[in-house]
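Source file: work34.tsv; contents: TSV, C-alpha atoms.
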chain	number	residue	atom	x	y	z
P	1	MET	CA	-23.05	5.50	26.05
P	2	ASN	CA	-25.18	8.35	27.37
P	3	ARG	CA	-27.38	9.16	24.35
P	4	SER	CA	-28.83	12.18	26.13
P	5	ALA	CA	-25.63	13.98	25.09
P	6	LEU	CA	-26.99	13.93	21.53
P	7	HIS	CA	-30.10	15.80	22.68
P	8	LYS	CA	-27.91	18.85	23.33
P	9	ILE	CA	-27.17	19.25	19.61
P	10	SER	CA	-29.11	22.17	18.15
P	11	TYR	CA	-31.45	21.59	15.19
P	12	GLY	CA	-34.02	23.50	13.20
P	13	LEU	CA	-37.26	22.28	11.62
P	14	TYR	CA	-37.73	22.32	7.86
P	15	VAL	CA	-39.94	21.13	5.03
P	16	VAL	CA	-37.81	19.57	2.28
P	17	THR	CA	-39.47	19.26	-1.13
P	18	SER	CA	-38.23	17.57	-4.29
P	19	GLY	CA	-39.36	15.99	-7.55
P	20	GLN	CA	-39.72	16.53	-11.28
P	21	ASP	CA	-42.10	15.99	-14.19
P	22	GLY	CA	-45.20	16.64	-12.08
P	23	LYS	CA	-44.21	14.21	-9.30
P	24	PHE	CA	-43.42	16.19	-6.14
P	25	ASN	CA	-43.40	15.57	-2.42
P	26	GLY	CA	-42.27	17.14	0.82
P	27	GLN	CA	-41.26	15.95	4.26
P	28	ILE	CA	-40.21	17.33	7.63
P	29	ALA	CA	-36.45	17.30	8.28
P	30	ASN	CA	-34.38	18.56	11.17
P	31	SER	CA	-30.85	17.79	9.98
P	32	MET	CA	-29.77	20.54	7.59
P	33	PHE	CA	-26.70	22.74	7.86
P	34	GLN	CA	-24.56	25.13	5.82
P	35	VAL	CA	-21.29	23.59	4.66
P	36	THR	CA	-19.57	26.51	2.89
P	37	SER	CA	-20.35	30.15	2.10
P	38	ASN	CA	-18.60	30.46	-1.28
P	39	PRO	CA	-20.17	28.78	-3.08
P	40	ALA	CA	-23.12	28.67	-0.69
P	41	THR	CA	-23.53	24.97	0.04
P	42	VAL	CA	-25.81	23.03	2.40
P	43	ALA	CA	-26.28	19.40	3.40
P	44	ILE	CA	-29.39	17.48	4.48
P	45	SER	CA	-29.91	14.01	5.89
P	46	ILE	CA	-32.87	12.04	4.46
P	47	ASN	CA	-34.06	8.53	5.34
P	48	LYS	CA	-33.81	6.08	2.46
P	49	GLU	CA	-37.34	4.80	3.09
P	50	ASN	CA	-38.91	8.21	2.46
P	51	TYR	CA	-40.53	9.10	-0.86
P	52	THR	CA	-38.69	12.43	-0.83
P	53	HIS	CA	-35.38	10.52	-0.80
P	54	GLU	CA	-36.43	8.74	-3.98
P	55	LEU	CA	-37.32	12.04	-5.65
P	56	ILE	CA	-34.04	13.73	-4.68
P	57	LYS	CA	-32.09	10.77	-6.11
P	58	LEU	CA	-34.01	11.11	-9.38
P	59	SER	CA	-34.17	14.89	-9.77
P	60	ARG	CA	-30.86	15.86	-8.10
P	61	LYS	CA	-32.48	18.94	-6.56
P	62	PHE	CA	-34.42	19.93	-3.46
P	63	VAL	CA	-35.88	22.95	-1.65
P	64	VAL	CA	-35.63	23.66	2.06
P	65	SER	CA	-38.38	25.78	3.64
P	66	ILE	CA	-37.38	26.97	7.11
P	67	LEU	CA	-40.42	26.80	9.40
P	68	SER	CA	-41.54	29.42	11.92
P	69	GLU	CA	-42.56	28.82	15.52
P	70	GLU	CA	-46.13	29.56	14.42
P	71	ALA	CA	-46.36	26.41	12.28
P	72	PRO	CA	-49.25	24.34	13.72
P	73	MET	CA	-48.83	20.70	14.66
P	74	THR	CA	-51.37	19.69	12.01
P	75	PHE	CA	-49.08	21.20	9.36
P	76	ILE	CA	-46.02	19.47	10.82
P	77	GLY	CA	-47.99	16.24	11.07
P	78	LEU	CA	-48.95	16.41	7.39
P	79	PHE	CA	-45.34	16.57	6.25
P	80	GLY	CA	-43.80	14.55	9.08
P	81	PHE	CA	-46.13	11.61	9.74
P	82	LYS	CA	-47.83	10.90	6.40
P	83	SER	CA	-46.35	9.30	3.30
P	84	GLY	CA	-46.32	11.11	-0.02
P	85	ARG	CA	-46.93	7.74	-1.64
P	86	ASP	CA	-50.42	7.81	-0.13
P	87	VAL	CA	-51.23	11.52	0.22
P	88	ASN	CA	-50.71	14.58	-1.98
P	89	LYS	CA	-49.20	16.73	0.77
P	90	LEU	CA	-48.88	19.81	-1.41
P	91	GLN	CA	-52.49	19.85	-2.63
P	92	ASN	CA	-53.83	22.39	-0.14
P	93	VAL	CA	-50.56	24.15	0.72
P	94	LYS	CA	-49.46	27.54	-0.62
P	95	THR	CA	-46.41	27.06	-2.87
P	96	LYS	CA	-44.51	28.70	-5.69
P	97	THR	CA	-41.91	27.52	-8.19
P	98	ALA	CA	-38.73	29.33	-9.17
P	99	VAL	CA	-35.29	28.27	-10.42
P	100	THR	CA	-35.41	24.53	-9.72
P	101	GLN	CA	-39.11	24.18	-10.58
P	102	VAL	CA	-39.53	22.31	-7.28
P	103	PRO	CA	-42.46	23.63	-5.21
P	104	VAL	CA	-41.38	26.04	-2.49
P	105	VAL	CA	-43.65	25.69	0.55
P	106	LEU	CA	-44.65	29.20	1.67
P	107	ASP	CA	-47.11	28.45	4.48
P	108	HIS	CA	-45.49	29.07	7.90
P	109	THR	CA	-42.13	29.64	6.18
P	110	VAL	CA	-39.45	32.09	7.32
P	111	SER	CA	-37.13	31.65	4.34
P	112	TYR	CA	-36.27	29.07	1.69
P	113	LEU	CA	-33.27	27.64	-0.15
P	114	GLU	CA	-33.32	26.10	-3.63
P	115	VAL	CA	-30.55	23.56	-4.02
P	116	GLU	CA	-28.95	21.49	-6.78
P	117	VAL	CA	-27.24	18.31	-5.55
P	118	ASP	CA	-23.50	18.04	-6.11
P	119	SER	CA	-22.71	14.90	-4.11
P	120	GLU	CA	-24.10	12.41	-1.64
P	121	MET	CA	-22.87	10.16	1.15
P	122	ASP	CA	-24.34	6.80	2.12
P	123	CYS	CA	-24.89	6.72	5.89
P	124	GLY	CA	-26.70	3.41	6.33
P	125	THR	CA	-30.36	4.23	6.98
P	126	HIS	CA	-29.89	7.77	5.61
P	127	THR	CA	-28.24	9.61	2.74
P	128	ILE	CA	-26.56	12.97	3.18
P	129	PHE	CA	-27.16	15.12	0.11
P	130	VAL	CA	-24.78	18.06	-0.42
P	131	GLY	CA	-25.74	20.79	-2.85
P	132	ARG	CA	-25.22	24.35	-4.05
P	133	ILE	CA	-27.84	26.99	-3.31
P	134	VAL	CA	-29.06	28.38	-6.63
P	135	GLU	CA	-31.73	30.67	-5.17
P	136	CYS	CA	-32.92	31.72	-1.74
P	137	ASP	CA	-35.12	34.38	-0.19
P	138	VAL	CA	-36.77	35.56	3.02
P	139	VAL	CA	-40.53	35.05	3.27
P	140	SER	CA	-41.32	36.56	6.68
P	141	ASP	CA	-39.77	38.07	9.81
P	142	ALA	CA	-41.24	35.34	12.06
P	143	VAL	CA	-39.00	33.48	14.51
P	144	PRO	CA	-37.54	30.25	13.05
P	145	MET	CA	-38.56	27.10	14.92
P	146	THR	CA	-35.83	25.12	16.64
P	147	TYR	CA	-36.21	21.40	17.24
P	148	ALA	CA	-36.02	22.07	20.98
P	149	TYR	CA	-39.02	24.43	20.66
P	150	TYR	CA	-40.91	21.78	18.68
P	151	GLN	CA	-40.31	19.21	21.41
P	152	LYS	CA	-40.61	21.28	24.59
P	153	VAL	CA	-43.28	23.83	23.64
P	154	LYS	CA	-45.33	22.00	21.02
P	155	GLY	CA	-44.84	18.54	22.55
P	156	GLY	CA	-43.62	16.99	19.31
P	157	LYS	CA	-41.57	13.82	18.88
P	158	SER	CA	-39.25	12.42	16.20
P	159	PRO	CA	-40.78	10.14	13.56
P	160	LYS	CA	-39.07	6.76	13.29
P	161	THR	CA	-37.35	7.80	10.04
P	162	ALA	CA	-35.74	10.91	11.56
P	163	PRO	CA	-31.95	10.98	12.09
P	164	THR	CA	-32.59	11.97	15.72
P	165	TYR	CA	-35.10	9.19	16.47
P	166	SER	CA	-34.32	7.00	19.47
P	167	LYS	CA	-36.45	4.37	21.18
P	168	GLU	CA	-35.12	5.83	24.39
P	169	GLU	CA	-36.33	9.35	23.53
P	170	PRO	CA	-37.94	10.88	26.61
P	171	ALA	CA	-41.58	11.92	26.45
P	172	ALA	CA	-42.29	15.64	26.28
P	173	ALA	CA	-43.11	17.27	29.59
P	174	VAL	CA	-46.84	17.68	30.16
P	175	LYS	CA	-48.62	19.61	32.89
P	176	PRO	CA	-50.39	17.44	35.46
P	177	GLN	CA	-54.04	16.80	34.66
P	178	THR	CA	-56.96	15.81	36.87
P	179	ALA	CA	-57.81	13.19	34.24
P	180	ALA	CA	-55.23	10.99	32.50
P	181	SER	CA	-53.53	12.25	29.36
P	182	TYR	CA	-53.09	9.95	26.39
P	183	VAL	CA	-50.27	9.95	23.84
P	184	CYS	CA	-50.46	8.96	20.18
P	185	SER	CA	-48.13	6.01	19.59
P	186	VAL	CA	-47.61	7.13	15.99
P	187	CYS	CA	-46.61	10.80	16.26
P	188	GLY	CA	-46.38	11.58	19.97
P	189	TYR	CA	-49.28	14.04	20.14
P	190	VAL	CA	-50.64	14.25	23.68
P	191	TYR	CA	-54.37	14.50	24.27
P	192	GLU	CA	-54.86	16.58	27.42
P	193	PRO	CA	-58.43	16.38	28.80
P	194	ALA	CA	-58.24	19.91	30.22
P	195	LYS	CA	-57.63	21.27	26.71
P	196	GLY	CA	-59.66	18.79	24.68
P	197	ASP	CA	-59.57	19.23	20.90
P	198	PRO	CA	-61.98	22.12	20.18
P	199	ASP	CA	-60.94	22.32	16.52
P	200	ASN	CA	-62.37	18.84	16.04
P	201	GLY	CA	-65.43	19.13	18.26
P	202	ILE	CA	-63.98	17.82	21.53
P	203	ALA	CA	-64.70	20.33	24.29
P	204	ALA	CA	-62.15	21.24	26.94
P	205	GLY	CA	-62.57	19.04	30.01
P	206	THR	CA	-63.54	15.90	28.05
P	207	PRO	CA	-61.87	12.76	29.48
P	208	PHE	CA	-60.24	10.60	26.85
P	209	GLU	CA	-62.67	7.78	27.61
P	210	ASP	CA	-65.55	10.03	26.52
P	211	VAL	CA	-63.96	11.01	23.21
P	212	PRO	CA	-65.91	9.36	20.34
P	213	ASP	CA	-64.28	6.31	18.76
P	214	SER	CA	-64.51	8.09	15.39
P	215	TRP	CA	-62.10	10.79	16.58
P	216	THR	CA	-58.60	10.69	15.12
P	217	CYS	CA	-55.28	12.26	16.07
P	218	PRO	CA	-55.32	15.91	14.93
P	219	VAL	CA	-51.64	15.69	13.96
P	220	CYS	CA	-51.20	12.40	12.07
P	221	GLY	CA	-54.76	11.09	11.68
P	222	ALA	CA	-54.18	7.90	13.68
P	223	ASP	CA	-57.25	6.14	15.12
P	224	LYS	CA	-58.18	6.61	18.78
P	225	SER	CA	-57.08	3.00	19.34
P	226	LYS	CA	-53.49	4.07	18.70
P	227	PHE	CA	-53.43	6.20	21.86
P	228	GLU	CA	-51.88	4.95	25.09
P	229	ILE	CA	-52.12	6.36	28.59
P	230	GLU	CA	-49.19	8.67	29.27
P	231	LYS	CA	-46.84	7.34	31.91
Can you turn what I pasted into structure tokens?
Amino acid sequence: MNRSALHKISYGLYVVTSGQDGKFNGQIANSMFQVTSNPATVAISINKENYTHELIKLSRKFVVSILSEEAPMTFIGLFGFKSGRDVNKLQNVKTKTAVTQVPVVLDHTVSYLEVEVDSEMDCGTHTIFVGRIVECDVVSDAVPMTYAYYQKVKGGKSPKTAPTYSKEEPAAAVKPQTAASYVCSVCGYVYEPAKGDPDNGIAAGTPFEDVPDSWTCPVCGADKSKFEIEK
């Protein structure tokens, strides 16, 4: 089976939030689609291991925030490569609550959908939740981010709990460097010596070997030891 055929399927990139009674969380998702227009119904696929899955099962509601191309990798890393069981992801993020009382993430958001779950389907590692849209609105006129843009332009990869994850997933294309590039084995972020990491004090042109051991991945926070030379 040529799994590269699956890479031709088009996806978006979203933050899905859920919860109730003061317990809320959000995660990155890329498998969401509209099922019907009347009533307006959507479906999402969520890994059973994720905290957000637990909260959707309990609350029977969720919010989808559609991300823009401007969303930084640090923002995507927060929701995509950290667990809400360990980190309050929404603490420093701009949100609002409306009909469902589930936080709507507004940072880097194009539009959002508030959904009440009608049914679900067990799909092994994932559950597909199907629900009616009870409220929705446009936040900005920015360009929505596609999953292809996330991978090819931003150099992102699928977390292991994503429906699209594959051990055979090809590495994102990177421009040749005079010094070796290193890739984070947790989230797929590529450290390019020519660019460095100026936001975290690593000047452009710094070889990976000269990066301090205290430095961590700017996307997922993994230790420097988690980086491997890019092949």
| query | Around (-50.4, 7.9, 13.6) in the file's own coordinates, what residues are found within 6 Å if you use all atoms listed in the file, given back as a ChimeraX atom specification? | reply | /P:186-187,220-222
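In terms of minimum interatomic distance to Lys48 (chain P), P:Ile128 ranks closest within P:Val219, P:Ile128, P:Val183, P:Val143, counting only C-alpha atoms.
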| message | Rounded to one decimal, what separation in Å do you get between CA of Tyr14 (chain P) and CA of Asn38 (chain P)? | response |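 These two atoms are separated by 22.7 Å.
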| Residue nearest Ala142 (chain P) - candidates P:Ala194, P:Leu90, P:Ile66, P:Cys123, atoms counted: all atoms listed in the file |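 Of P:Ala194, P:Leu90, P:Ile66, P:Cys123, the one nearest Ala142 (chain P), counting all atoms listed in the file, is P:Ile66.
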| message | Measuring between all atoms listed in the file, which one of P:Tyr11, P:Trp215, P:Phe62, P:Phe227 shows the shortest distance to Ala180 (chain P)? | response |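 Among the listed residues, the smallest separation from Ala180 (chain P) belongs to P:Phe227.
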| Using only C-alpha atoms: which of P:Arg132, P:Lys57, P:Lys224, P:Arg3 has the shortest distance to Val42 (chain P) |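 Once distances to Val42 (chain P) are computed over only C-alpha atoms, the minimum belongs to P:Arg132.
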| message | Taking only C-alpha atoms into account, name the residue in P:Thr100, P:Gln34, P:Thr17, P:Asn25 that is nearest to Ser65 (chain P). | response |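 The shortest atom-to-atom distance to Ser65 (chain P) comes from P:Thr17.
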| query | Looking at P:Asp199, P:Leu78, P:His126, P:Ala29, which one is nearest to Asn92 (chain P), with distances taken over all atoms listed in the file? | reply |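 Comparing P:Asp199, P:Leu78, P:His126, P:Ala29 against Asn92 (chain P), the winner is P:Leu78.
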| message | Using Å and a single decimal, report how far CA of Ser10 (chain P) sits from CA of Ser31 (chain P). | response |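 Result for CA of Ser31 (chain P) versus CA of Ser10 (chain P): 9.4 Å, one decimal.
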| task | Determine, counting all atoms listed in the file, every residue of protein, DNA or RNA that lies within 6 Å of (-22.0, 17.0, -3.7) in the file coordinates, then give the result as a ChimeraX atom specification. | result | /P:117-120,130-131
| To one decimal place, how far is CA of Thr146 (chain P) from CA of Ile202 (chain P) in Å? |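 These atoms are spaced 29.5 Å apart.
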| Could you pull the residues within 8 Å of Tyr51 (chain P), counting all atoms listed in the file, minus those fewer than 2 positions along the same chain, as an NGL selection string? | :P and (25 or 49 or 53-55 or 83-85)
| task | Please identify all polymer residues within 7 Å of Glu114 (chain P), counting only C-alpha atoms, omitting same-chain residues fewer than 3 positions from it, and present them as a PyMOL selection string. | result | chain P and resi 62-64+100+133-136
| Leaving out Cys184 (chain P) and any residue of its chain fewer than 4 positions from it, which residues lie within 6 Å of it when counting only C-alpha atoms, given as a list in words? |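 The filter keeps Gly188, Tyr189, Lys226 and Phe227 of chain P.
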For region 95-98 of chain P, what centre and edge lengths in Å (one decimal) does the axis-aligned box get once 8 Å is added on each side of all its listed atoms, as JSON?
{"center_x": -42.6, "center_y": 28.2, "center_z": -6.0, "size_x": 23.7, "size_y": 18.3, "size_z": 22.3}
Produce region 191-202 of chain P of the given structure as output with all heavy atoms, as a compact mmCIF listing (two decimals), in the first residue's frame.
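Produced file out24.txt, reproduced below:
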# COMPACT_ATOMS: atom_id res chain seq x y z
N TYR P 191 16.18 22.83 13.85
CA TYR P 191 17.10 23.91 14.18
C TYR P 191 18.05 24.10 13.01
O TYR P 191 18.83 23.19 12.68
CB TYR P 191 17.90 23.61 15.45
CG TYR P 191 18.93 24.69 15.74
CD1 TYR P 191 18.57 25.87 16.37
CD2 TYR P 191 20.27 24.54 15.31
CE1 TYR P 191 19.50 26.88 16.59
CE2 TYR P 191 21.20 25.55 15.53
CZ TYR P 191 20.82 26.72 16.16
OH TYR P 191 21.73 27.73 16.37
N GLU P 192 17.99 25.27 12.38
CA GLU P 192 18.85 25.59 11.25
C GLU P 192 19.91 26.59 11.72
O GLU P 192 19.57 27.71 12.11
CB GLU P 192 18.04 26.19 10.12
CG GLU P 192 16.93 25.27 9.60
CD GLU P 192 16.13 25.92 8.49
OE1 GLU P 192 16.75 26.58 7.63
OE2 GLU P 192 14.90 25.80 8.48
N PRO P 193 21.18 26.21 11.72
CA PRO P 193 22.25 27.09 12.20
C PRO P 193 22.24 28.47 11.56
O PRO P 193 22.51 29.47 12.23
CB PRO P 193 23.51 26.31 11.85
CG PRO P 193 23.09 24.89 11.87
CD PRO P 193 21.70 24.88 11.31
N ALA P 194 21.92 28.55 10.27
CA ALA P 194 21.93 29.85 9.59
C ALA P 194 20.90 30.81 10.18
O ALA P 194 21.09 32.03 10.17
CB ALA P 194 21.67 29.66 8.10
N LYS P 195 19.80 30.25 10.71
CA LYS P 195 18.74 31.08 11.30
C LYS P 195 18.92 31.24 12.80
O LYS P 195 18.55 32.27 13.37
CB LYS P 195 17.37 30.47 11.01
CG LYS P 195 16.99 30.45 9.53
CD LYS P 195 15.61 29.84 9.35
CE LYS P 195 15.21 29.82 7.88
NZ LYS P 195 13.87 29.19 7.69
N GLY P 196 19.46 30.21 13.46
CA GLY P 196 19.57 30.23 14.91
C GLY P 196 18.20 30.25 15.55
O GLY P 196 17.21 29.82 14.97
N ASP P 197 18.13 30.81 16.75
CA ASP P 197 16.86 30.97 17.47
C ASP P 197 16.93 32.30 18.22
O ASP P 197 17.03 32.33 19.45
CB ASP P 197 16.64 29.81 18.44
CG ASP P 197 15.30 29.90 19.18
OD1 ASP P 197 14.43 30.68 18.74
OD2 ASP P 197 15.15 29.19 20.19
N PRO P 198 16.90 33.42 17.48
CA PRO P 198 17.09 34.75 18.08
C PRO P 198 16.11 35.05 19.22
O PRO P 198 16.47 35.74 20.17
CB PRO P 198 16.88 35.70 16.90
CG PRO P 198 17.19 34.87 15.69
CD PRO P 198 16.71 33.49 16.02
N ASP P 199 14.88 34.52 19.12
CA ASP P 199 13.88 34.79 20.16
C ASP P 199 14.30 34.22 21.51
O ASP P 199 13.81 34.66 22.56
CB ASP P 199 12.53 34.21 19.76
CG ASP P 199 11.91 34.95 18.58
OD1 ASP P 199 12.32 36.09 18.32
OD2 ASP P 199 11.01 34.38 17.93
N ASN P 200 15.19 33.23 21.48
CA ASN P 200 15.65 32.61 22.72
C ASN P 200 17.16 32.77 22.92
O ASN P 200 17.80 31.96 23.59
CB ASN P 200 15.27 31.12 22.72
CG ASN P 200 13.78 30.92 22.82
OD1 ASN P 200 13.17 31.18 23.86
ND2 ASN P 200 13.17 30.47 21.73
N GLY P 201 17.71 33.82 22.30
CA GLY P 201 19.10 34.18 22.57
C GLY P 201 20.15 33.44 21.78
O GLY P 201 21.34 33.56 22.08
N ILE P 202 19.73 32.69 20.75
CA ILE P 202 20.71 31.96 19.93
C ILE P 202 20.87 32.71 18.61
O ILE P 202 19.94 32.74 17.78
CB ILE P 202 20.25 30.52 19.66
CG1 ILE P 202 19.88 29.82 20.97
CG2 ILE P 202 21.35 29.75 18.93
CD1 ILE P 202 20.99 29.74 21.98
